[in-house]
Amino acid sequence: MAKWGEGDPRWIVEERADATNVNNWHWTERDVTGWSTDKLKELLLGLRVEGPEGSCEVTDVPKLDGEASINNRKGKLIYFYEWNVTATWTGTSKAGIKYKGNISVPNLSDENDMDDLDISVSLCKDEPNTPLTELMKKEGVKKVRSALGSYVDHLKSEFTQGMILPTVNGVVSNPQPSQTQTKVKLDKTQIGPSVSAPSPKTGVKVPTCKFSLKETFLTSPDELYNTFINKDMVQAFTHSAAVVDGVKGGKFQLLEGSVSGDFTELVPDKKIVMKWRFKTWPPEHYATVTLKMKDQGSETELKLECDGVPTGEEDRTKEGWKRYYFEAIKQTFGYGARLY
């Protein structure tokens, strides 16, 4: 369950498992071999060590044989990866003499701990002996082991949110919304008609504050823009029914009216300005939320500016936007991780 209500910046969303999946067996698999190849090269290339004898740097990763995937089985994530890695290092002595060698890691696998990896360092054939080889064996191996450990950490952190399905009372729920499987309800700590928080009378000036957020999404500006104004997409990432009229002056209402407002300015693929409020805010009081999208090639930078938030509501509003807009969008549409 998730709350975006009084004292805790979350909504409550209860989801039921798909009726056709009576035993709640959910098998989801993602092939992350392409992503892993790029990530391993990114982490290894440029690794550098220095010593009295000179310096060494990983300059190429000519061989990455293997595969990686993530499986979601009954709500539990299982990571499979197996790689045979070969990298090239270049050493430069204090006198400026260049040397080349290889690094071999034949057993980077989910079955082996980082401390158990076989990392061998050698000089290329016909290269003269050099103390730089010992530098790589001692200090270089440490950095390579650390980089490979970082790969595993990235693998788990970047894909966990998109693979784990929310559960309710131990039942794995289906992330795709439908009229028969998704139910949104509010409890006594939830924003909703059953709770009436005391509010100032209309006309009373409300002390306010503002904040800004910045986030990056692995998608194009037009796709991200549509995510906020398209009814089907909003219902997908909120897992609930919604009213969304994506035109200037159009209104929106999410989670039985817990959040509502209207679009005051729409610049396709670039900017969205909206009047936005929580149901528990003083009557007729709205914050102004501005979303600006900036194309950065393979990704889009989103800058949010929120002005007019009632004093004391800043933290829950900010955390709500980060978790139940930004993170939910990434999880639902895969905008948070590169998949190949």
# chains A, B, ... in the order shown; residues from 1 in each chain; ligands from 1
$ select_by_dssp --residues "segment 27-170 of chain A" --states "strand (DSSP E)" --output "count of residues only"
65
$ closest_atom_pairs --of "segment 92-113 of chain A" --to "segment 140-146 of chain A" --cutoff "10 Å" --atoms "only C-alpha atoms" --output "CSV"
residue,atom,partner,partner_atom,distance
A:Ile103,CA,A:Val141,CA,8.6
A:Val105,CA,A:Val144,CA,9.4
A:Leu108,CA,A:Arg145,CA,9.9
$ write_last_selection --atoms "all heavy atoms" --output "compact mmCIF listing (two decimals), in the first residue's frame"
# COMPACT_ATOMS: atom_id res chain seq x y z
N ILE A 103 43.90 -7.90 -19.22
CA ILE A 103 43.22 -8.27 -17.98
C ILE A 103 42.17 -9.29 -18.34
O ILE A 103 41.38 -9.06 -19.28
CB ILE A 103 42.56 -7.06 -17.29
CG1 ILE A 103 43.58 -5.96 -17.03
CG2 ILE A 103 41.86 -7.48 -16.00
CD1 ILE A 103 42.95 -4.64 -16.64
N VAL A 105 38.98 -11.77 -16.90
CA VAL A 105 38.05 -12.15 -15.82
C VAL A 105 37.09 -13.19 -16.42
O VAL A 105 36.09 -12.83 -17.05
CB VAL A 105 37.25 -10.94 -15.29
CG1 VAL A 105 36.43 -11.35 -14.07
CG2 VAL A 105 38.17 -9.78 -14.96
N LEU A 108 32.90 -13.84 -14.10
CA LEU A 108 31.97 -12.87 -13.51
C LEU A 108 30.57 -13.45 -13.62
O LEU A 108 29.98 -13.50 -14.70
CB LEU A 108 32.05 -11.53 -14.24
CG LEU A 108 31.05 -10.45 -13.79
CD1 LEU A 108 31.22 -10.13 -12.31
CD2 LEU A 108 31.19 -9.19 -14.64
$ closest_atom_pairs --of "segment 77-165 of chain A" --to "segment 45-61 of chain A" --cutoff "8 Å" --atoms "only C-alpha atoms" --output "tab-separated table"
residue	atom	partner	partner_atom	distance
A:Val85	CA	A:Val61	CA	7.7
A:Thr86	CA	A:Val61	CA	6.0
A:Ala87	CA	A:Val61	CA	4.2
A:Thr88	CA	A:Asp60	CA	5.0
A:Trp89	CA	A:Val58	CA	4.2
A:Thr90	CA	A:Glu57	CA	5.4
A:Gly91	CA	A:Cys56	CA	4.1
A:Thr92	CA	A:Ser55	CA	5.4
A:Ser93	CA	A:Gly54	CA	4.3
A:Lys94	CA	A:Gly54	CA	4.9
A:Pro131	CA	A:Glu53	CA	6.5
A:Leu132	CA	A:Glu53	CA	6.3
A:Leu135	CA	A:Gly51	CA	7.0
A:Met136	CA	A:Cys56	CA	6.9
A:Glu139	CA	A:Val49	CA	6.6
A:Gly140	CA	A:Val49	CA	6.1
A:Lys143	CA	A:Leu47	CA	7.1
A:Val144	CA	A:Leu47	CA	7.6
$ residues_around --residues "Lys210 of chain A" --least-positions-apart "3" --cutoff "6 Å" --atoms "only C-alpha atoms" --output "count of residues only"
4
$ closest_residue --among "A:Lys41, A:Lys156, A:Lys100, A:Lys279" --to "Ile70 of chain A" --atoms "only C-alpha atoms"
A:Lys156
